[in-house]
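Since the structure comes first, as structure tokens, the remarks are kept for the end.
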Amino acid sequence: MLTSSNMKSILFIFTLFQISVIIGQTGNLKGNTNTKEDAIPFANITLSNDSFTTYASSDKNGDFEIYDIPYGDYLIKISALGHQTLEQNVSINSTTNTTVAQKFTLTEDRLNLDQVVVSATRNRVNRKKAPVVVNVLSPKLLGATQSISVSEGLNYSPGVRVENNCQNCGFTQVRLNGLDGSYTQVLINSRAVFSALNSVYGLEQIPTNIVERIEVVRSGGSALYGSNAIAGTINIITKDPVLNTWEVGTYLGLVDGDTPDRSLNFNASLVSDDLMSGITVFGLNRDREEFDANGDGFTELTTLQNTTFGLKTFLKPSDRSKISLDLTTIKEYRRGGDRLDLAPHFTDITEELDHDTFLGGITYELENEKGTNNLSVYTSGQYTDRDSYYGGLGGGRTRQDSILALNAYGVTKDLALLTGVQFTQNLKNNDIITTGVEYNISDTEDVIAGYNRLIDQQVHTIGSYLQYEWKPTDDFTALLGTRLDHVNVDGNYNIGGISRDVSVTQTVLSPRITLSYNILKSLKFRGGYARGFRAPQAFNEDLHISSVGGEPQFVILSENLDTEFSNAFTASLNYSKNFNKIQADFLLEGFFTDLKDPFTLVSTGAVLENGSILEEVRNGSGAKVFGTNFEIGISPSKEWQFQIGGTIQQSNYDESQILFESDGTIPGEQDVIVDEFVRNPNTYGYINASWIPSKRFNMDLTGTYTGNMIVPRVVSESGFLDLVDTNPFFDLNLKLEHHLDISENFHVTFSGGVKNIFNSYQDDFDIGPLRDSDYIYGPGTPRTFFIGIKFGNLH
């Protein structure tokens with residue numbers, strides 16, 4: 001006979017049995033990722049709820065399967081390069097049978113807003129959700145601008161401007177938010193191995209055909225990458241092997257309709273069927289002849305030969321570990337001046353550089369089974385061997401001139417090594433902790449024995465960083481971080497009998513805080529503060545030698561040079577929304593950077609015993625750089641895309657700054673004093689428009705605007721240094737492309753167009769052997785006609 005207590009026991013056991021059966025029941029999910037028209041291969045898939053999370057990826061046909069999913073309701077997230085992230089609810093239960101089959105259609109991300117970036121937090125994060133503003137330059141944009149090297153395409157991001165600094169050697173530097181190139185940290189695959197020497201010519205040496213994307217973080221939001229990231233960070237990400245592909249391309253440009261610029265490049269990738277290993281190889285050969293804009297026999301564009309070859313490969317020992325290796329070798333020769341067929345010391349002016357550069361890195365990544373912890377161990381390096389000549393006869397032909405000209409041969413050895421460990425932990429409340437340690441070595445020796453010129457510098461840095469990404473709600477994120485750097489600089493600097501030594505050991509804490517808040521689902525606020533510093537040392541401009549009045553101009557550090565500090569503030573509003581088929585994005589960003597004891601280059605007016613001119617790096621009284629960046633992107637349909645961006649800024653010294661210091665030996669010569677930064681326009685920007693009426697044809701219209709600016713001119717009509725207020729420039733480009741599908745695996749693309757359609761180009765270059773080679777500004781090239789063809793199995 002059953003008692004009430006027995007009945008309760010039976011009901012309890014039956015209930016436990018039912019729960020155990022339900023808990024033990026699982027189902028499967030089969031799916032396909034597509035765009036309605038085509039499959040999307042290798043999409044990243046996350047299926048999760050409060051108690052279960054799993055990851056998968058689609059195959060080359062867009063198909064995927066996930067097995068043994070406990071019954072329940074889930075959120076599936078699907079992301080793929082070039083497409084907007086899809087989030088959709090999925091139910092796995094007894095009413096759906098054993099297997100759920102479903103198609104997932106993604107929308108094309110025409111404005112690149114849903115890309116995964118790494119420069120914001122040192123971890124992979126969706127660009128729209130990143131707490132720091134990250135701008136991305138895609139291969140599509142670099143192709144639309146017909147950029148052969150990285151330096152040619154960087155202008156198409158707010159706050160970024162690439163300027164030309166020398167007629168003789170083609171030295172370029174990139175300015176972020178109004179600060180010169182030494183304030184910007186350039187990274188290769190997120191590693192800081194782009195040294196001061198590389199910054200002189202390196203951005204023109206890296207070909208765009210090896211680039212997967214370029215991530216730009218402005219202001220101090222990227223301080224965790226290093227102390228020099230005061231103006232921001234440019235992270236050049238090279239291509240990973242993803243598909244079995246190959247492509248060969250060639251380009252012919254005619255500068256000013258006459259001077260040829262030729263290049264040939266290739267890319268090829270091979271990936272194993274199980275996606276556990278792969279390799280991509282790439283190469284470029286470029287040959288550009290010299291260009292003389294005003295017919296005086298002296299170049300405005302150097303002759304240039306560049307051969308680049310590299311590879312990037314990976315191996316996954318398991319599903320949770322990965323070993324990556326990248327290697328690149330660059331051999332570049334450039335020469336400018338006059339009579340390039342003669343040996344350099346028989347000319348009036350020659351700047352000749354022969355670079356051999358090797359870049360490489362290896363990374364080991366390990367992730368736990370839940371995907372919450374990630375360990376990364378890495379080592380990267382760069383070595384450059386440079387032969388140089390900066391000099392000439394200066395218009396003279398005496399025996400003394402010839403002896404001085406022979407003095408101008410030099411040799412440079414440059415080594416940069418970086419090794420580090422990074423650990424990332426994703427906490428249960430979605431917070432993320434990132435911590436790491438890095439050791440960086442920079443060793444530079446620059447010798448011109450004939451001029452008694454020496455830069456012998458070693459910089460050793462031990463840096464540790466800690467970052468906490470706090471997410472108390474879905475709409476609010478606080479990024480709290482700090483970096484502790486122990487820097488040792490040991491430098492010996494000599495020129496013409498003047499000797500300076502720097503021996504600095506310094507430990508500096510650089511905090512950073514960034515806040516982001518979703519005011520609306522489509523409107524995000526970001527704001528932040530970061531502190532940075534630069535220890536006394538030779539930077540990129542100091543390793544470049546220009547020619548003024550037929551004599552070389554050298555830079556030396558002043559005695560008792562103090563460390564430079566900065567405080568950077570940013571605030572931005574970002575509005576992104578889809579209106580049916582219309583994709584729109586608007587960014588408005590304000591920035592303010594306060595510099596304490598900034599390194600300032602002063603022309604002393606002194607002429608050394610060897611005939612060279614001396615410039616000196618000194619501490620300025622302070623400076624403030626502030627302004628606004630904006631960017632508007634609209635894509636009304638897949639046929640049309642429009643983007644415009646720009647910067648309005650001011651760069652002022654706290655007190656008047658000496659630009660040229662008279663030595664009092666020349667009657668009428670006076671000090672030249674400025675209140676604002678020179679070579680720094682208050683307004684600049686870009687436009688980018690694409691029309692894609694079909695898969696067979698597209699048209700790109702791109703352009704940059706450079707406002708008026710103050711440029712120093714040493715060789716002026718008055719005989720003294722003069723400050724020239726330049727005219728603005730608008731550089732507009734047109735590119736047309738036509739695609740042919742010869743077969744399913746063989747496609748051909750023809751292209752042609754005009755760079756700088758209106759020939760907006762400087763028309764007052766200095767002329768002759770005594771010219772000021774630094775007096776150059778505006779667009780890098782005059783009107784240039786080009787054609788190209790590429791073929792391969794990529795459409």
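Simple scheme: letters A, B, ... for chains in structure tokens order, numbers from 1 for residues in each chain, numbers from 1 for ligands in the order shown.
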Could I get the residues of region 91-169 of chain A with an atom no further than 12 Å from an atom of region 754-767 of chain A, each paired with its nearest atom pair and that distance in Å to one decimal, using only C-alpha atoms, sorted by chain and residue number, as CSV?
```
residue,atom,partner,partner_atom,distance
A:Ala144,CA,A:Lys755,CA,10.9
A:Thr145,CA,A:Lys755,CA,8.3
A:Gln146,CA,A:Lys755,CA,8.4
A:Ser147,CA,A:Lys755,CA,10.3
A:Glu152,CA,A:Lys755,CA,11.4
A:Asn164,CA,A:Gln762,CA,11.4
A:Cys166,CA,A:Phe765,CA,11.0
A:Gln167,CA,A:Phe765,CA,8.9
A:Asn168,CA,A:Asp766,CA,11.7
```
Print the selection's residues with C-alpha atoms to a file, as a PDB file, in the first residue's frame.
```
ATOM      1  CA  ALA A 144      41.221  52.457 -55.509  1.00  0.00           C
ATOM      2  CA  THR A 145      43.958  55.042 -54.903  1.00  0.00           C
ATOM      3  CA  GLN A 146      46.421  52.965 -56.982  1.00  0.00           C
ATOM      4  CA  SER A 147      48.863  53.073 -54.060  1.00  0.00           C
ATOM      5  CA  GLU A 152      50.772  56.661 -50.828  1.00  0.00           C
ATOM      6  CA  ASN A 164      57.385  65.002 -48.608  1.00  0.00           C
ATOM      7  CA  CYS A 166      63.309  66.302 -49.526  1.00  0.00           C
ATOM      8  CA  GLN A 167      63.752  66.768 -53.294  1.00  0.00           C
ATOM      9  CA  ASN A 168      67.015  64.829 -53.308  1.00  0.00           C
TER      10      ASN A 168
END
```
List the neighbours of region 462-467 of chain A out to 9 Å using only C-alpha atoms; skip same-chain residues closer than 2 positions along the sequence, and give me the result as a list in words.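 Surrounding residues, per the criterion: Thr121, Leu224, Tyr225, Gly226, Ile432, Ile433, Thr434, Thr435, Gly436, Val437, Glu438, Tyr439, Asn440, Ile441, His460, Glu469, Leu479, Leu480, Gly481, Thr482, Arg483, Leu484, Asp485, His486, Val487, Asn488 and Arg512 of chain A.
Those residues of region 331-527 of chain A that DSSP, working from the backbone, places in helix (DSSP H, G or I) are A:Pro344, A:His345, A:Phe346, A:Arg399, A:Gln400, A:Asp401, A:Ser402, A:Ile403, A:Leu404, A:Ala405, A:Leu406, A:Ala449, A:Gly450, A:Tyr451.
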Next, write the just-selected residues to a file, as a CSV table (one decimal), in the first residue's frame, keeping C-alpha atoms as the atom set.
```csv
chain,number,residue,atom,x,y,z
A,344,PRO,CA,78.1,60.8,-56.6
A,345,HIS,CA,81.3,62.8,-55.7
A,346,PHE,CA,81.5,64.1,-59.3
A,399,ARG,CA,90.4,70.6,-55.6
A,400,GLN,CA,89.0,71.5,-52.2
A,401,ASP,CA,85.5,71.0,-53.4
A,402,SER,CA,86.4,67.5,-54.6
A,403,ILE,CA,88.0,66.6,-51.3
A,404,LEU,CA,84.9,67.7,-49.4
A,405,ALA,CA,82.7,65.8,-51.8
A,406,LEU,CA,84.6,62.5,-51.2
A,449,ALA,CA,83.9,59.2,-41.5
A,450,GLY,CA,84.9,62.0,-43.9
A,451,TYR,CA,82.7,64.5,-42.1
```
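Residue nearest Leu359 (chain A), chosen from A:Leu327, A:Leu154, A:Val674, A:Ile45 and counting only C-alpha atoms: A:Leu327.
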To one decimal place, how far is CA of Gly792 (chain A) from CA of Ala689 (chain A) in Å?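 Separating CA of Gly792 (chain A) from CA of Ala689 (chain A) is a distance of 26.0 Å.
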May I ask for the distance between CA of Leu311 (chain A) and CA of Ser119 (chain A), given in Å to one decimal place?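 Taking CA of Leu311 (chain A) as the start and CA of Ser119 (chain A) as the end point, the length is 22.3 Å.
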Calculated over only C-alpha atoms, which of the candidates A:Trp246, A:Phe291, A:Tyr777, A:Phe642 has the smallest distance to Thr726 (chain A)?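 Among A:Trp246, A:Phe291, A:Tyr777, A:Phe642, it is A:Tyr777 that comes nearest to Thr726 (chain A).
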